[in-house]
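So this block is start07.pdb, PDB, C-alpha atoms (C1' of nucleotides):
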ATOM      1  CA  MET N 581     -17.544-175.973-249.764
ATOM      2  CA  LYS N 582     -14.219-175.625-251.391
ATOM      3  CA  ASN N 583     -10.947-175.855-249.601
ATOM      4  CA  SER N 584     -10.569-172.132-249.767
ATOM      5  CA  PHE N 585      -8.519-169.918-247.538
ATOM      6  CA  LYS N 586     -11.584-169.240-245.477
ATOM      7  CA  ASP N 587     -12.131-172.902-244.700
ATOM      8  CA  LYS N 588      -8.531-173.321-243.672
ATOM      9  CA  VAL N 589      -8.857-170.433-241.297
ATOM     10  CA  TYR N 590     -11.803-172.049-239.571
ATOM     11  CA  GLU N 591      -9.967-175.325-239.467
ATOM     12  CA  PHE N 592      -6.973-173.838-237.674
ATOM     13  CA  CYS N 593      -9.275-171.922-235.440
ATOM     14  CA  ARG N 594     -10.722-175.151-234.198
ATOM     15  CA  ALA N 595      -7.232-176.550-233.778
ATOM     16  CA  ILE N 596      -6.367-174.064-231.066
ATOM     17  CA  PRO N 597      -6.115-176.012-227.805
ATOM     18  CA  LYS N 598      -7.860-174.842-224.697
ATOM     19  CA  GLY N 599      -5.763-172.551-222.571
ATOM     20  CA  LYS N 600      -3.920-171.199-225.592
ATOM     21  CA  VAL N 601      -4.499-168.402-228.052
ATOM     22  CA  ALA N 602      -3.394-167.668-231.592
ATOM     23  CA  THR N 603      -2.981-164.445-233.490
ATOM     24  CA  TYR N 604      -4.778-163.605-236.717
ATOM     25  CA  GLY N 605      -1.442-163.359-238.433
ATOM     26  CA  GLN N 606      -0.412-166.757-237.182
ATOM     27  CA  ILE N 607      -3.517-168.426-238.518
ATOM     28  CA  ALA N 608      -3.106-166.579-241.765
ATOM     29  CA  ARG N 609       0.434-167.841-241.927
ATOM     30  CA  LEU N 610      -0.600-171.425-241.281
ATOM     31  CA  ALA N 611      -3.210-171.084-243.985
ATOM     32  CA  GLY N 612      -0.506-170.019-246.390
ATOM     33  CA  LYS N 613      -0.999-166.255-246.479
ATOM     34  CA  PRO N 614       1.231-164.595-243.863
ATOM     35  CA  LYS N 615      -0.202-161.201-244.636
ATOM     36  CA  ALA N 616      -3.847-162.121-244.823
ATOM     37  CA  GLY N 617      -4.485-161.418-241.176
ATOM     38  CA  ARG N 618      -7.077-158.909-242.176
ATOM     39  CA  ALA N 619      -9.044-161.462-244.122
ATOM     40  CA  VAL N 620      -8.778-163.870-241.200
ATOM     41  CA  GLY N 621     -10.401-161.401-238.872
ATOM     42  CA  LEU N 622     -13.093-160.888-241.441
ATOM     43  CA  PHE N 623     -13.919-164.586-241.435
ATOM     44  CA  MET N 624     -14.046-164.689-237.659
ATOM     45  CA  ARG N 625     -16.620-161.956-237.725
ATOM     46  CA  ILE N 626     -18.928-163.627-240.216
ATOM     47  CA  ASN N 627     -18.511-166.996-238.532
ATOM     48  CA  SER N 628     -21.305-168.528-236.519
ATOM     49  CA  ASP N 629     -19.322-167.531-233.424
ATOM     50  CA  ALA N 630     -20.876-170.380-231.454
ATOM     51  CA  PRO N 631     -18.570-172.959-229.808
ATOM     52  CA  HIS N 632     -18.393-174.456-233.239
ATOM     53  CA  THR N 633     -15.242-172.447-233.711
ATOM     54  CA  PRO N 634     -13.343-170.982-230.727
ATOM     55  CA  CYS N 635     -12.851-167.622-232.376
ATOM     56  CA  HIS N 636     -12.524-166.183-228.881
ATOM     57  CA  ARG N 637      -9.070-167.748-228.711
ATOM     58  CA  VAL N 638      -7.884-165.592-231.548
ATOM     59  CA  VAL N 639      -6.267-162.271-230.664
ATOM     60  CA  ALA N 640      -4.246-159.590-232.388
ATOM     61  CA  ALA N 641      -0.495-159.886-232.895
ATOM     62  CA  ASP N 642       0.251-157.850-229.773
ATOM     63  CA  GLY N 643      -2.244-159.795-227.694
ATOM     64  CA  SER N 644      -4.957-157.159-227.708
ATOM     65  CA  LEU N 645      -8.543-158.303-227.918
ATOM     66  CA  ASN N 646      -9.766-156.441-230.943
ATOM     67  CA  GLY N 647     -13.259-157.718-231.390
ATOM     68  CA  TYR N 648     -15.794-160.404-230.813
ATOM     69  CA  SER N 649     -19.144-160.808-232.524
ATOM     70  CA  GLY N 650     -20.339-163.241-229.907
ATOM     71  CA  GLN N 651     -22.555-162.503-226.999
ATOM     72  CA  GLY N 652     -21.231-159.947-224.584
ATOM     73  CA  GLY N 653     -18.610-158.762-227.016
ATOM     74  CA  LEU N 654     -15.099-158.212-225.794
ATOM     75  CA  ALA N 655     -16.084-158.295-222.147
ATOM     76  CA  SER N 656     -17.322-161.838-222.493
ATOM     77  CA  LYS N 657     -14.330-162.845-224.571
ATOM     78  CA  ARG N 658     -11.916-161.619-221.958
ATOM     79  CA  LYS N 659     -13.776-163.531-219.326
ATOM     80  CA  MET N 660     -13.724-166.750-221.305
ATOM     81  CA  LEU N 661     -10.017-166.551-221.957
ATOM     82  CA  LEU N 662      -9.365-165.976-218.303
ATOM     83  CA  LYS N 663     -11.507-168.920-217.414
ATOM     84  CA  GLU N 664      -9.609-171.192-219.775
ATOM     85  CA  GLY N 665      -6.379-170.433-217.996
ATOM     86  CA  ILE N 666      -5.088-167.849-220.411
ATOM     87  CA  ILE N 667      -3.152-165.099-218.717
ATOM     88  CA  LEU N 668      -4.549-161.670-219.348
ATOM     89  CA  ARG N 669      -2.538-158.563-218.766
ATOM     90  CA  GLY N 670      -5.269-155.962-218.520
ATOM     91  CA  SER N 671      -6.763-155.982-222.011
ATOM     92  CA  LEU N 672      -3.777-157.766-223.438
ATOM     93  CA  VAL N 673      -3.033-161.478-223.535
ATOM     94  CA  ASP N 674       0.320-162.642-222.276
ATOM     95  CA  LEU N 675       1.444-164.145-225.555
ATOM     96  CA  LEU N 676       4.754-165.186-224.048
ATOM     97  CA  ARG N 677       2.889-167.722-221.975
ATOM     98  CA  SER N 678      -0.415-168.327-223.699
ATOM     99  CA  GLN N 679       0.272-168.150-227.408
ATOM    100  CA  TRP N 680      -0.384-171.412-229.195
ATOM    101  CA  LYS N 681       2.554-172.946-230.967
ATOM    102  CA  LYS N 682       1.934-175.341-233.778
ATOM    103  CA  SER N 683       3.819-178.526-233.036
TER     104      SER N 683
ATOM    105  C1'  DA E  75     -14.223-156.381-263.678
ATOM    106  C1'  DA E  76     -13.996-152.616-260.200
ATOM    107  C1'  DA E  77     -15.008-150.716-255.767
ATOM    108  C1'  DA E  78     -16.024-151.189-250.990
ATOM    109  C1'  DT E  79     -15.332-153.545-246.491
ATOM    110  C1'  DG E  80     -12.908-155.068-242.190
ATOM    111  C1'  DA E  81     -12.196-158.890-235.278
ATOM    112  C1'  DC E  82      -4.751-157.245-239.043
ATOM    113  C1'  DG E  83       0.448-156.224-239.035
ATOM    114  C1'  DG E  84       4.324-153.415-238.982
ATOM    115  C1'  DT E  85       6.511-148.974-238.414
ATOM    116  C1'  DG E  86       6.963-144.269-237.020
ATOM    117  C1'  DT E  87       5.912-140.525-233.752
TER     118       DT E  87
ATOM    119  C1'  DT B1285       1.777-147.710-224.076
ATOM    120  C1'  DA B1286      -1.178-145.133-227.260
ATOM    121  C1'  DC B1287      -2.246-143.301-231.717
ATOM    122  C1'  DA B1288      -1.866-142.529-236.798
ATOM    123  C1'  DC B1289      -0.534-144.134-241.373
ATOM    124  C1'  DC B1290       0.291-147.379-244.896
ATOM    125  C1'  DG B1291       0.343-151.913-246.946
ATOM    126  C1'  DC B1292      -1.863-156.516-247.644
ATOM    127  C1'  DC B1293      -5.578-159.783-248.453
ATOM    128  C1'  DA B1294     -10.140-162.516-249.358
ATOM    129  C1'  DT B1295     -14.981-162.012-249.877
ATOM    130  C1'  DT B1296     -19.162-159.688-251.346
ATOM    131  C1'  DT B1297     -21.836-156.411-253.824
TER     132       DT B1297
END
Rewrite the structure from the file as structure tokens, please.
Amino acid sequence: MKNSFKDKVYEFCRAIPKGKVATYGQIARLAGKPKAGRAVGLFMRINSDAPHTPCHRVVAADGSLNGYSGQGGLASKRKMLLKEGIILRGSLVDLLRSQWKKS
DNA sequence: AAAATGACGGTGT
DNA sequence: TACACCGCCATTT
């Protein structure tokens, strides 16, 4: 209920536009803790995963899909990203073209 | 208060 | 590109 780091993470997570992806480190940075990427991933995992928060649009710094607690796991995540127009290079996301940039 | 946990990031090999 | 190691952090027990 507080405006804690965790809440900010979810907030930014929801701010990711369709067709774009963000890295854990980027969200952490926006939340004010550039090195808290680890914590960010932790929050994604405990999150309700449902469309409430598009945690599937969050990938690792190199574009690799590390994990997904949602249904289907990584396989489903990859599929969703592809469907949203995000370019996938094998198991890696083409960050050069699909990484979200905060205006 | 201290220890354990984990969907990370960067660097070196 | 893949793998191993270390450093960093918030939350929970």
Mind listing as a VMD selection string which residues of chain N are within 8 Å of chain E, counting all atoms listed in the file? chain N and resid 604 to 605 615 to 619 621 to 622 624 to 625 640 to 641 646 to 649
Residues of chain B within 6 Å of chain N: nearest atom pair and distance (Å, one decimal) for each, counting only C-alpha atoms (C1' of nucleotides), sorted by chain and number, as JSON lines?
{"residue": "B:DC1292", "atom": "C1'", "partner": "N:Lys615", "partner_atom": "CA", "distance": 5.8}
{"residue": "B:DC1293", "atom": "C1'", "partner": "N:Ala616", "partner_atom": "CA", "distance": 4.7}
{"residue": "B:DA1294", "atom": "C1'", "partner": "N:Ala619", "partner_atom": "CA", "distance": 5.5}
Around all listed atoms of region 76-82 of chain E, padded 6 Å per side, what centre and edge lengths does the axis-aligned box have in Å to one decimal, as JSON?
{"center_x": -10.4, "center_y": -154.8, "center_z": -247.7, "size_x": 23.3, "size_y": 20.2, "size_z": 36.9}
Would you compute the distance between CA of Asp674 (chain N) and C1' of DG1291 (chain B)? Give it in Å to one decimal. 26.9 Å
Could you please determine the separation between C1' of DT1296 (chain B) and CA of Asp642 (chain N) in Å, to one decimal place? 29.1 Å
Determine the residue membership of the PyMOL selection byres ((chain N and resi 661) around 12) for the file above and supply it as a PyMOL selection string. chain N and resi 597-602+634-639+643+645+654-660+662-669+671-674+678-679
By how many Å are CA of Lys681 (chain N) and C1' of DC1290 (chain B) apart? 29.2 Å
